[in-house]
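**Student:** As input, take final26.cif (mmCIF, C-alpha atoms):
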```
data_input
loop_
_atom_site.label_atom_id
_atom_site.label_comp_id
_atom_site.auth_asym_id
_atom_site.auth_seq_id
_atom_site.Cartn_x
_atom_site.Cartn_y
_atom_site.Cartn_z
CA MET S 1 13.61 17.32 2.97
CA LYS S 2 15.03 20.86 3.14
CA GLU S 3 11.87 22.14 4.81
CA LEU S 4 12.38 19.71 7.69
CA ASP S 5 16.01 20.77 8.08
CA LEU S 6 14.88 24.40 8.36
CA ILE S 7 12.21 23.51 10.95
CA LEU S 8 14.73 21.58 13.07
CA LYS S 9 17.15 24.49 12.83
CA ASN S 10 14.45 26.97 13.89
CA ILE S 11 13.49 24.77 16.86
CA LYS S 12 17.07 24.79 18.09
CA ASN S 13 17.21 28.57 17.65
CA LYS S 14 13.81 28.95 19.36
CA GLU S 15 12.42 30.69 16.27
CA LEU S 16 8.97 29.17 16.48
CA LEU S 17 5.59 29.62 14.81
CA PRO S 18 2.35 29.47 16.81
CA ILE S 19 0.98 26.62 14.68
CA TYR S 20 2.54 23.78 12.69
CA PHE S 21 0.31 21.56 10.57
CA PHE S 22 2.13 18.54 9.15
CA HIS S 23 0.46 16.27 6.62
CA GLY S 24 1.37 13.89 3.81
CA GLU S 25 2.05 10.30 2.86
CA GLU S 26 5.59 10.03 4.29
CA PRO S 27 5.47 9.58 8.09
CA TYR S 28 9.25 9.65 8.60
CA PHE S 29 9.70 13.41 8.22
CA ILE S 30 6.64 14.14 10.36
CA ASP S 31 7.90 11.84 13.12
CA ALA S 32 11.33 13.49 13.00
CA ALA S 33 9.75 16.93 13.45
CA LEU S 34 7.51 15.75 16.32
CA LYS S 35 10.49 14.22 18.11
CA SER S 36 12.29 17.55 18.01
CA PHE S 37 9.23 19.47 19.24
CA GLU S 38 8.91 17.02 22.14
CA ASN S 39 12.59 17.06 23.10
CA ASP S 40 14.07 20.41 22.13
CA VAL S 41 11.56 23.21 22.75
CA LEU S 42 11.08 23.11 26.52
CA THR S 43 13.43 22.24 29.35
CA GLU S 44 12.80 19.07 31.34
CA ASP S 45 11.31 21.10 34.20
CA GLU S 46 9.01 23.02 31.83
CA LYS S 47 7.76 19.87 30.12
CA ALA S 48 6.06 18.62 33.27
CA PHE S 49 3.73 21.62 33.31
CA ASN S 50 3.70 23.03 29.79
CA GLN S 51 3.88 20.12 27.34
CA THR S 52 0.86 18.02 26.40
CA VAL S 53 0.72 15.19 23.87
CA VAL S 54 -2.67 13.86 22.75
CA TYR S 55 -3.77 11.37 20.09
CA GLY S 56 -6.53 11.71 17.52
CA LYS S 57 -8.36 8.55 18.56
CA ASP S 58 -8.66 9.86 22.14
CA THR S 59 -9.64 13.49 21.57
CA THR S 60 -11.40 16.07 19.37
CA PHE S 61 -10.19 19.27 17.76
CA SER S 62 -12.41 21.21 20.18
CA GLU S 63 -10.59 19.67 23.13
CA VAL S 64 -7.20 20.37 21.56
CA LEU S 65 -8.10 24.01 20.94
CA SER S 66 -9.30 24.31 24.53
CA LEU S 67 -5.82 23.18 25.65
CA ALA S 68 -4.18 25.56 23.20
CA ARG S 69 -6.06 28.55 24.63
CA GLN S 70 -4.73 27.93 28.12
CA PHE S 71 -1.69 29.83 29.33
CA PRO S 72 1.61 28.32 30.47
CA MET S 73 1.84 27.44 34.17
CA MET S 74 5.50 28.40 34.24
CA GLY S 75 7.77 29.88 31.62
CA ASP S 76 6.75 31.73 28.47
CA LYS S 77 5.56 28.91 26.21
CA GLN S 78 3.49 25.75 26.24
CA VAL S 79 3.63 23.02 23.59
CA ILE S 80 0.51 21.12 22.53
CA ILE S 81 1.17 18.19 20.20
CA LEU S 82 -1.69 16.40 18.46
CA LYS S 83 -0.56 13.08 16.95
CA GLU S 84 -2.58 10.97 14.49
CA ALA S 85 -4.92 13.86 13.70
CA GLN S 86 -6.20 11.89 10.70
CA ASP S 87 -8.17 9.74 13.17
CA ILE S 88 -10.42 12.66 14.12
CA VAL S 89 -13.69 13.09 12.23
CA LEU S 90 -13.79 16.80 11.43
CA SER S 91 -17.23 18.27 12.07
CA GLU S 92 -18.40 21.58 10.60
CA PRO S 93 -18.36 23.37 14.00
CA GLU S 94 -14.80 22.13 14.64
CA SER S 95 -13.71 23.25 11.18
CA LYS S 96 -15.01 26.75 11.98
CA ALA S 97 -13.30 26.65 15.37
CA LEU S 98 -9.99 25.69 13.73
CA LEU S 99 -10.38 28.59 11.29
CA ALA S 100 -11.02 31.02 14.14
CA TYR S 101 -7.92 29.77 15.98
CA ALA S 102 -5.82 29.85 12.81
CA GLU S 103 -6.76 33.49 12.32
CA ASN S 104 -5.94 34.41 15.93
CA PRO S 105 -3.62 31.87 17.58
CA VAL S 106 -2.48 32.19 21.20
CA GLU S 107 1.05 33.57 21.11
CA SER S 108 2.20 31.65 24.18
CA THR S 109 1.15 28.30 22.64
CA ILE S 110 2.97 26.24 20.05
CA LEU S 111 0.30 23.99 18.56
CA VAL S 112 1.69 21.08 16.51
CA ILE S 113 -0.75 18.96 14.47
CA ALA S 114 0.39 15.77 12.76
CA TYR S 115 -1.95 14.45 10.05
CA LYS S 116 -0.18 11.37 8.70
CA TYR S 117 -0.27 8.93 5.78
CA LYS S 118 -2.29 11.19 3.46
CA LYS S 119 -2.77 14.77 2.40
CA ALA S 120 -5.30 16.88 4.24
CA ASP S 121 -8.13 18.55 2.32
CA ALA S 122 -6.55 21.81 1.15
CA ARG S 123 -10.01 23.24 0.42
CA LYS S 124 -10.73 23.62 4.14
CA ALA S 125 -10.78 27.28 5.14
CA PHE S 126 -8.51 26.81 8.16
CA LEU S 127 -5.91 25.07 6.00
CA LYS S 128 -6.03 27.90 3.47
CA THR S 129 -5.36 30.35 6.29
CA LEU S 130 -2.51 28.25 7.69
CA THR S 131 -1.03 27.85 4.21
CA LYS S 132 -1.21 31.61 3.65
CA ASN S 133 0.70 32.10 6.92
CA LYS S 134 3.27 29.42 5.96
CA MET S 135 2.28 27.08 8.79
CA VAL S 136 1.48 24.01 6.66
CA PHE S 137 4.19 21.48 5.84
CA LEU S 138 3.71 18.67 3.32
CA SER S 139 5.67 15.46 3.86
CA GLU S 140 5.84 13.72 0.49
CA LYS S 141 7.24 10.27 -0.21
CA ILE S 142 10.63 10.19 -1.90
CA LYS S 143 10.50 8.77 -5.40
CA ASP S 144 11.99 5.28 -5.65
CA TYR S 145 14.74 6.52 -7.96
CA ASN S 146 15.82 9.10 -5.35
CA ILE S 147 16.00 6.72 -2.36
CA ALA S 148 19.69 5.96 -2.95
CA LYS S 149 20.49 9.69 -3.02
CA TRP S 150 18.61 10.16 0.26
CA ILE S 151 20.52 7.25 1.83
CA ASP S 152 23.81 8.74 0.64
CA SER S 153 22.85 12.05 2.27
CA GLU S 154 21.91 10.31 5.53
CA ILE S 155 25.21 8.42 5.56
CA ARG S 156 27.08 11.72 5.24
CA THR S 157 24.91 13.38 7.90
CA LEU S 158 25.78 10.57 10.32
CA GLY S 159 29.46 11.18 9.63
CA LEU S 160 29.96 7.74 8.06
CA LYS S 161 32.07 6.80 5.07
CA ALA S 162 30.77 4.21 2.62
CA LYS S 163 31.74 2.60 -0.65
CA PRO S 164 29.97 4.31 -3.59
CA ASN S 165 27.67 1.34 -4.27
CA ILE S 166 26.35 1.05 -0.70
CA PRO S 167 23.44 3.56 -1.04
CA ASN S 168 22.19 1.68 -4.11
CA LEU S 169 22.53 -1.66 -2.36
CA LEU S 170 20.56 -0.48 0.66
CA ALA S 171 17.90 1.14 -1.50
CA GLU S 172 17.42 -2.09 -3.45
CA TYR S 173 16.83 -4.27 -0.40
CA LEU S 174 15.38 -1.93 2.21
CA GLY S 175 12.95 -0.30 -0.20
CA ALA S 176 11.31 3.05 0.54
CA ASP S 177 10.72 2.57 4.29
CA LEU S 178 12.73 5.57 5.50
CA SER S 179 12.23 4.72 9.16
CA ARG S 180 13.69 1.24 8.65
CA ILE S 181 16.58 2.65 6.61
CA SER S 182 17.30 5.24 9.30
CA ASN S 183 17.24 2.59 12.05
CA GLU S 184 19.63 0.35 10.11
CA LEU S 185 22.04 3.24 9.52
CA GLN S 186 21.92 4.18 13.21
CA LYS S 187 22.71 0.56 14.07
CA LEU S 188 25.65 0.55 11.67
CA LYS S 189 26.95 3.80 13.15
CA MET S 190 27.15 2.18 16.58
CA ILE S 191 28.96 -0.84 15.16
CA LEU S 192 31.47 0.90 12.91
CA LYS S 193 34.77 1.97 14.38
CA GLU S 194 35.98 5.51 13.78
CA GLY S 195 37.19 5.87 10.20
CA GLN S 196 35.99 2.38 9.23
CA LEU S 197 34.52 2.13 5.72
CA LEU S 198 30.98 0.86 5.33
CA ASP S 199 31.23 -1.91 2.74
CA GLU S 200 29.33 -4.93 1.44
CA LYS S 201 30.71 -7.22 4.15
CA MET S 202 29.36 -4.94 6.89
CA ILE S 203 25.97 -4.82 5.15
CA GLU S 204 25.83 -8.60 4.77
CA THR S 205 26.86 -9.26 8.38
CA ASN S 206 24.58 -6.72 10.05
CA ILE S 207 21.58 -6.36 7.72
CA GLY S 208 21.53 -9.70 5.93
CA ILE S 209 21.92 -8.51 2.35
CA SER S 210 24.16 -10.84 0.37
CA LYS S 211 27.27 -9.15 -0.97
CA ASP S 212 27.61 -11.76 -3.72
CA PHE S 213 24.05 -12.44 -4.85
CA ASN S 214 22.28 -9.16 -5.50
CA VAL S 215 21.05 -7.18 -8.47
CA PHE S 216 24.24 -5.12 -8.71
CA GLU S 217 26.38 -8.23 -8.95
CA LEU S 218 23.92 -9.50 -11.57
CA ILE S 219 24.37 -6.28 -13.55
CA LYS S 220 28.15 -6.65 -13.36
CA ALA S 221 27.94 -10.24 -14.61
CA LEU S 222 25.62 -9.25 -17.47
CA GLY S 223 27.87 -6.31 -18.31
CA LYS S 224 30.81 -8.69 -18.72
CA LYS S 225 28.62 -11.34 -20.38
CA ASP S 226 29.76 -13.73 -17.65
CA GLU S 227 27.07 -16.36 -18.27
CA VAL S 228 28.03 -18.71 -15.43
CA SER S 229 27.99 -15.96 -12.79
CA ALA S 230 24.84 -14.33 -14.16
CA PHE S 231 22.80 -17.53 -14.01
CA ARG S 232 24.18 -18.46 -10.57
CA ILE S 233 23.16 -15.06 -9.21
CA ALA S 234 19.76 -15.22 -10.96
CA HIS S 235 19.14 -18.66 -9.48
CA TYR S 236 19.90 -17.41 -5.96
CA MET S 237 17.81 -14.26 -6.40
CA GLY S 238 14.91 -16.31 -7.75
CA LYS S 239 14.81 -18.37 -4.55
CA SER S 240 15.37 -15.49 -2.14
CA LYS S 241 12.43 -13.67 -0.56
CA THR S 242 14.45 -10.47 -0.14
CA HIS S 243 14.47 -9.75 -3.88
CA THR S 244 11.58 -8.09 -5.69
CA PHE S 245 11.23 -8.63 -9.42
CA VAL S 246 10.08 -5.06 -10.02
CA MET S 247 13.13 -3.57 -8.30
CA THR S 248 15.43 -5.94 -10.21
CA THR S 249 14.05 -5.01 -13.62
CA GLY S 250 14.03 -1.35 -12.59
CA ASN S 251 17.74 -1.41 -11.77
CA LEU S 252 18.54 -3.24 -15.02
CA TYR S 253 16.50 -0.67 -16.95
CA ASN S 254 18.45 2.16 -15.32
CA PHE S 255 21.78 0.52 -16.13
CA PHE S 256 21.09 -0.15 -19.79
CA SER S 257 19.43 3.25 -20.25
CA ASN S 258 22.61 4.82 -18.92
CA LEU S 259 24.68 2.54 -21.15
CA ILE S 260 22.86 4.03 -24.15
CA ILE S 261 23.73 7.53 -22.88
CA PHE S 262 27.32 6.39 -22.34
CA HIS S 263 27.54 5.33 -26.01
CA THR S 264 26.22 8.71 -27.19
CA MET S 265 28.77 10.61 -25.08
CA LYS S 266 32.00 9.18 -26.47
CA GLY S 267 34.75 11.75 -26.17
CA GLU S 268 33.05 13.64 -23.37
CA SER S 269 34.86 14.10 -20.06
CA PRO S 270 34.13 11.56 -17.31
CA GLN S 271 32.68 14.38 -15.21
CA ASN S 272 30.15 15.29 -17.93
CA GLN S 273 29.30 11.65 -18.55
CA ALA S 274 28.67 10.94 -14.86
CA ALA S 275 26.63 14.13 -14.41
CA THR S 276 24.43 13.42 -17.43
CA MET S 277 23.89 9.81 -16.40
CA GLY S 278 23.30 10.78 -12.77
CA VAL S 279 25.83 8.30 -11.41
CA ASN S 280 28.98 8.40 -9.31
CA PRO S 281 32.07 8.58 -11.59
CA TYR S 282 33.23 5.42 -9.78
CA PHE S 283 30.73 3.42 -11.87
CA LEU S 284 31.89 4.66 -15.30
CA LYS S 285 34.33 1.75 -15.56
CA ASP S 286 31.39 -0.67 -15.41
CA PHE S 287 29.72 1.11 -18.33
CA GLY S 288 32.99 1.15 -20.24
CA GLU S 289 33.30 -2.61 -19.89
CA ALA S 290 29.65 -3.23 -20.77
CA ALA S 291 30.00 -1.05 -23.87
CA ARG S 292 32.49 -3.61 -25.24
CA PHE S 293 29.78 -6.29 -25.25
CA TYR S 294 26.65 -4.23 -25.96
CA ASN S 295 26.79 -1.69 -28.76
CA LEU S 296 24.24 1.10 -29.02
CA LYS S 297 21.83 -1.05 -31.04
CA ASN S 298 21.99 -3.92 -28.58
CA GLY S 299 21.56 -1.54 -25.66
CA THR S 300 18.21 -0.42 -27.08
CA ARG S 301 17.26 -4.04 -27.74
CA VAL S 302 17.90 -4.90 -24.08
CA ILE S 303 15.46 -2.13 -23.10
CA SER S 304 12.86 -3.79 -25.34
CA ILE S 305 13.52 -7.14 -23.63
CA LEU S 306 13.03 -5.56 -20.21
CA ARG S 307 9.72 -4.07 -21.31
CA GLU S 308 8.60 -7.41 -22.69
CA ILE S 309 9.51 -9.20 -19.45
CA ASP S 310 7.78 -6.49 -17.43
CA LEU S 311 4.56 -7.10 -19.38
CA LYS S 312 4.88 -10.84 -18.78
CA SER S 313 5.32 -10.23 -15.05
CA LYS S 314 1.94 -8.49 -15.18
CA GLY S 315 0.33 -11.52 -16.80
CA LEU S 316 0.51 -10.44 -20.44
CA GLY S 317 1.97 -13.15 -22.67
CA ALA S 318 3.18 -15.43 -19.88
CA ILE S 319 1.42 -18.60 -18.79
CA ASN S 320 2.13 -19.84 -15.25
CA MET S 321 5.59 -18.28 -15.13
CA THR S 322 7.04 -17.47 -11.72
CA ASP S 323 9.25 -14.46 -11.08
CA SER S 324 12.17 -16.88 -10.91
CA ASP S 325 11.34 -18.24 -14.38
CA LEU S 326 10.99 -14.72 -15.78
CA LEU S 327 14.29 -13.67 -14.26
CA LYS S 328 16.11 -16.59 -15.89
CA GLU S 329 14.42 -15.89 -19.23
CA MET S 330 15.43 -12.25 -19.01
CA VAL S 331 19.05 -13.10 -18.20
CA TYR S 332 19.24 -15.60 -21.07
CA LYS S 333 17.85 -13.13 -23.61
CA ILE S 334 20.17 -10.32 -22.50
CA LEU S 335 23.23 -12.59 -22.65
CA HIS S 336 22.22 -13.76 -26.15
CA ILE S 337 21.09 -10.38 -27.40
CA ASP S 338 22.82 -10.83 -30.77
CA GLN S 339 20.66 -13.86 -31.58
CA TYR S 340 17.45 -12.64 -29.96
CA LYS S 341 14.89 -10.92 -32.18
CA VAL S 342 12.97 -8.28 -30.31
CA LYS S 343 9.23 -8.40 -30.75
CA THR S 344 7.68 -5.30 -32.26
#
```
As structure tokens, what does this structure read like?
**Tutor:**
Amino acid sequence: MKELDLILKNIKNKELLPIYFFHGEEPYFIDAALKSFENDVLTEDEKAFNQTVVYGKDTTFSEVLSLARQFPMMGDKQVIILKEAQDIVLSEPESKALLAYAENPVESTILVIAYKYKKADARKAFLKTLTKNKMVFLSEKIKDYNIAKWIDSEIRTLGLKAKPNIPNLLAEYLGADLSRISNELQKLKMILKEGQLLDEKMIETNIGISKDFNVFELIKALGKKDEVSAFRIAHYMGKSKTHTFVMTTGNLYNFFSNLIIFHTMKGESPQNQAATMGVNPYFLKDFGEAARFYNLKNGTRVISILREIDLKSKGLGAINMTDSDLLKEMVYKILHIDQYKVKT
């Protein structure tokens, strides 16, 4: 979130706005901003007199504004932080009071409002005023397909080095919980020795994700048409509670969609291929091997199989089939794509 990076930079440089209104479905970025406001704006001595943190369930906007209109007891600034503002029922008088404050904030106060887990009503007059003055910050959830990119960025920010497949592996099994991902990466940073490479063994030992039985190993086995390995991995994944069927089919869909692109880009440079497919060039060898077993026609047929299995997972055309059963059916049909007739 570039906006968050700019806010954190401005806090360190003491370039501060009188009001910050954070809202949105992703709590991680809001929490990161609040942590910096709490720790980095005032000195430890100033915090005792000039920093107040209140929670929505224990207060009202009127009470918060009353605090905001006070002047610092020492120093030039006071910080008022309202957490969980979504818990406050906004009355009409309070809405008008917020508008009045938004139009004429106290310069010696930095008022930080955190409205989490949903978007605030942008039609409110005070929010329109804050938006006009660039004091509103929306924290949106990262799309599932961008989680791996975010993890890769966090790994680099922490100064760690990782194998190219690690962000994808973590995204597959930690999901979209950015706070959990961040905590796991912080834990790994403390464990890793300087210069040590973050690899599958480290992930398996410290997070519990199997380096041998995961969707990426399944994709490799399918790409080589290694039937024994593919079914062994599918069997393990079917029994494990850490695997989600939706994420598995999603990763397979991405791989075979990119395989189709790979086929259409014969003769192109590896750099162009990787850029178009949106993958690390490290993975091109996997597509090159898979292309030997799945021509362009079969690549498109695999996509049809994945769509068919997805419908079955939603109860369309499948009778009493578990995710484990569907996974094995999917693997069988992909491995025997030449004999399988896709339904139209």
**Student:** In Å, with one decimal, what is the gap from CA of Ile233 (chain S) to CA of Lys314 (chain S)?
**Tutor:** 23.0 Å
**Student:** Translate the PyMOL selection byres ((chain S and resi 148-158) around 6), as applied to the file shown, into an explicit residue set as a list in words.
**Tutor:**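 Listing what the PyMOL selection byres ((chain S and resi 148-158) around 6) selects in the shown file: Asn146, Ile147, Gly159, Leu160, Pro167, Asn168 and Ala171 of chain S.
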**Student:** Okay, now the selection with C-alpha atoms, as a compact mmCIF listing (two decimals), in the coordinates of the input?
**Tutor:**
```
# COMPACT_ATOMS: atom_id res chain seq x y z
CA ASN S 146 15.82 9.10 -5.35
CA ILE S 147 16.00 6.72 -2.36
CA GLY S 159 29.46 11.18 9.63
CA LEU S 160 29.96 7.74 8.06
CA PRO S 167 23.44 3.56 -1.04
CA ASN S 168 22.19 1.68 -4.11
CA ALA S 171 17.90 1.14 -1.50
```
**Student:** Just say which residues the PyMOL selection byres ((chain S and resi 105) around 12) picks in this file, as number ranges by chain.
**Tutor:** S: 17-20, 65-66, 68-70, 97-104, 106-111, 126, 129-130, 133, 135
**Student:** For His235 (chain S), which of S:Lys328, S:Lys189, S:Lys163, S:Lys96 is the closest residue, counting all atoms listed in the file?
**Tutor:**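 The closest residue to His235 (chain S) is S:Lys328.
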**Student:** My list of candidates is S:Phe283, S:Ala85, S:Leu335, S:Asn183. Which is closest to Arg301 (chain S) when distances are computed with all atoms listed in the file?
**Tutor:**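 Checking each candidate against Arg301 (chain S), we get S:Leu335 as the closest.
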**Student:** For each of S:Gln273, S:Met265, S:Pro27, S:Ile303, take the minimum atom-to-atom distance to Ser179 (chain S), counting all atoms listed in the file, then give the residue where this is smallest.
**Tutor:**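 Closest candidate: S:Pro27.
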**Student:** From the options S:Gln78, S:Thr322, S:Asn39, S:Ser62, which residue's atoms come nearest to Ser91 (chain S), counting only C-alpha atoms?
**Tutor:**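 Of all the options, S:Ser62 lies closest to Ser91 (chain S).
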**Student:** S:Lys143, S:Lys2, S:Lys224, S:Lys83: which is nearest Phe29 (chain S), counting all atoms listed in the file?
**Tutor:**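 Checking each of S:Lys143, S:Lys2, S:Lys224, S:Lys83 against Phe29 (chain S), counting all atoms listed in the file, the winner is S:Lys2.
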**Student:** Within 10 Å of (11.6, -13.2, -14.6) (file coordinates; all atoms listed in the file), which protein or nucleic acid residues are there? I'd like them as a VMD selection string.
**Tutor:** chain S and resid 234 238 245 to 246 248 to 249 306 309 to 310 312 to 313 321 to 331
**Student:** Go ahead and save the picked residues with C-alpha atoms, as a compact mmCIF listing (two decimals), in the frame of the given file.
**Tutor:**
```
# COMPACT_ATOMS: atom_id res chain seq x y z
CA ALA S 234 19.76 -15.22 -10.96
CA GLY S 238 14.91 -16.31 -7.75
CA PHE S 245 11.23 -8.63 -9.42
CA VAL S 246 10.08 -5.06 -10.02
CA THR S 248 15.43 -5.94 -10.21
CA THR S 249 14.05 -5.01 -13.62
CA LEU S 306 13.03 -5.56 -20.21
CA ILE S 309 9.51 -9.20 -19.45
CA ASP S 310 7.78 -6.49 -17.43
CA LYS S 312 4.88 -10.84 -18.78
CA SER S 313 5.32 -10.23 -15.05
CA MET S 321 5.59 -18.28 -15.13
CA THR S 322 7.04 -17.47 -11.72
CA ASP S 323 9.25 -14.46 -11.08
CA SER S 324 12.17 -16.88 -10.91
CA ASP S 325 11.34 -18.24 -14.38
CA LEU S 326 10.99 -14.72 -15.78
CA LEU S 327 14.29 -13.67 -14.26
CA LYS S 328 16.11 -16.59 -15.89
CA GLU S 329 14.42 -15.89 -19.23
CA MET S 330 15.43 -12.25 -19.01
CA VAL S 331 19.05 -13.10 -18.20
```
**Student:** With all atoms listed in the file as the basis for distance, which of S:Leu174, S:Ile334, S:Leu6, S:Leu34 is at the shortest distance from Gly223 (chain S)?
**Tutor:** S:Ile334
**Student:** Using the chain letters and numbers from the file, which residues does the PyMOL selection byres ((chain S and resi 75) around 12) grab, as an MDAnalysis selection string?
**Tutor:** chainID S and resid 41:51 71:74 76:79 108:109
**Student:** The centre and edge lengths of an axis-aligned box containing all atoms of region 160-168 of chain S present in the file, extended by 6 Å on each side, are to be given in Å to one decimal, as JSON.
**Tutor:**
```
{"center_x": 27.1, "center_y": 4.4, "center_z": 1.9, "size_x": 21.9, "size_y": 18.7, "size_z": 24.3}
```
**Student:** Kindly give the distance, in Å, that separates CA of Ser210 (chain S) and CA of Ala162 (chain S), rounded to a single decimal.
**Tutor:**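 Interatomic distance here is 16.6 Å.
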**Student:** Between CA of Val136 (chain S) and CA of His23 (chain S), measure the distance and give it in Å to one decimal.
**Tutor:**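 These atoms are spaced 7.8 Å apart.
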**Student:** Please list as a VMD selection string every residue within 9 Å of Tyr282 (chain S), counting all atoms listed in the file and excluding residues in the same chain fewer than 3 positions away.
**Tutor:** chain S and resid 164 to 165 274 279 285 to 286
**Student:** Residues within 12 Å of Phe256 (chain S), please, as a PyMOL selection string. Count all atoms listed in the file; anything in the same chain fewer than 4 positions from it doesn't count.
**Tutor:** chain S and resi 219-220+222-223+249-252+260-263+277+286-288+290-291+293-306+334
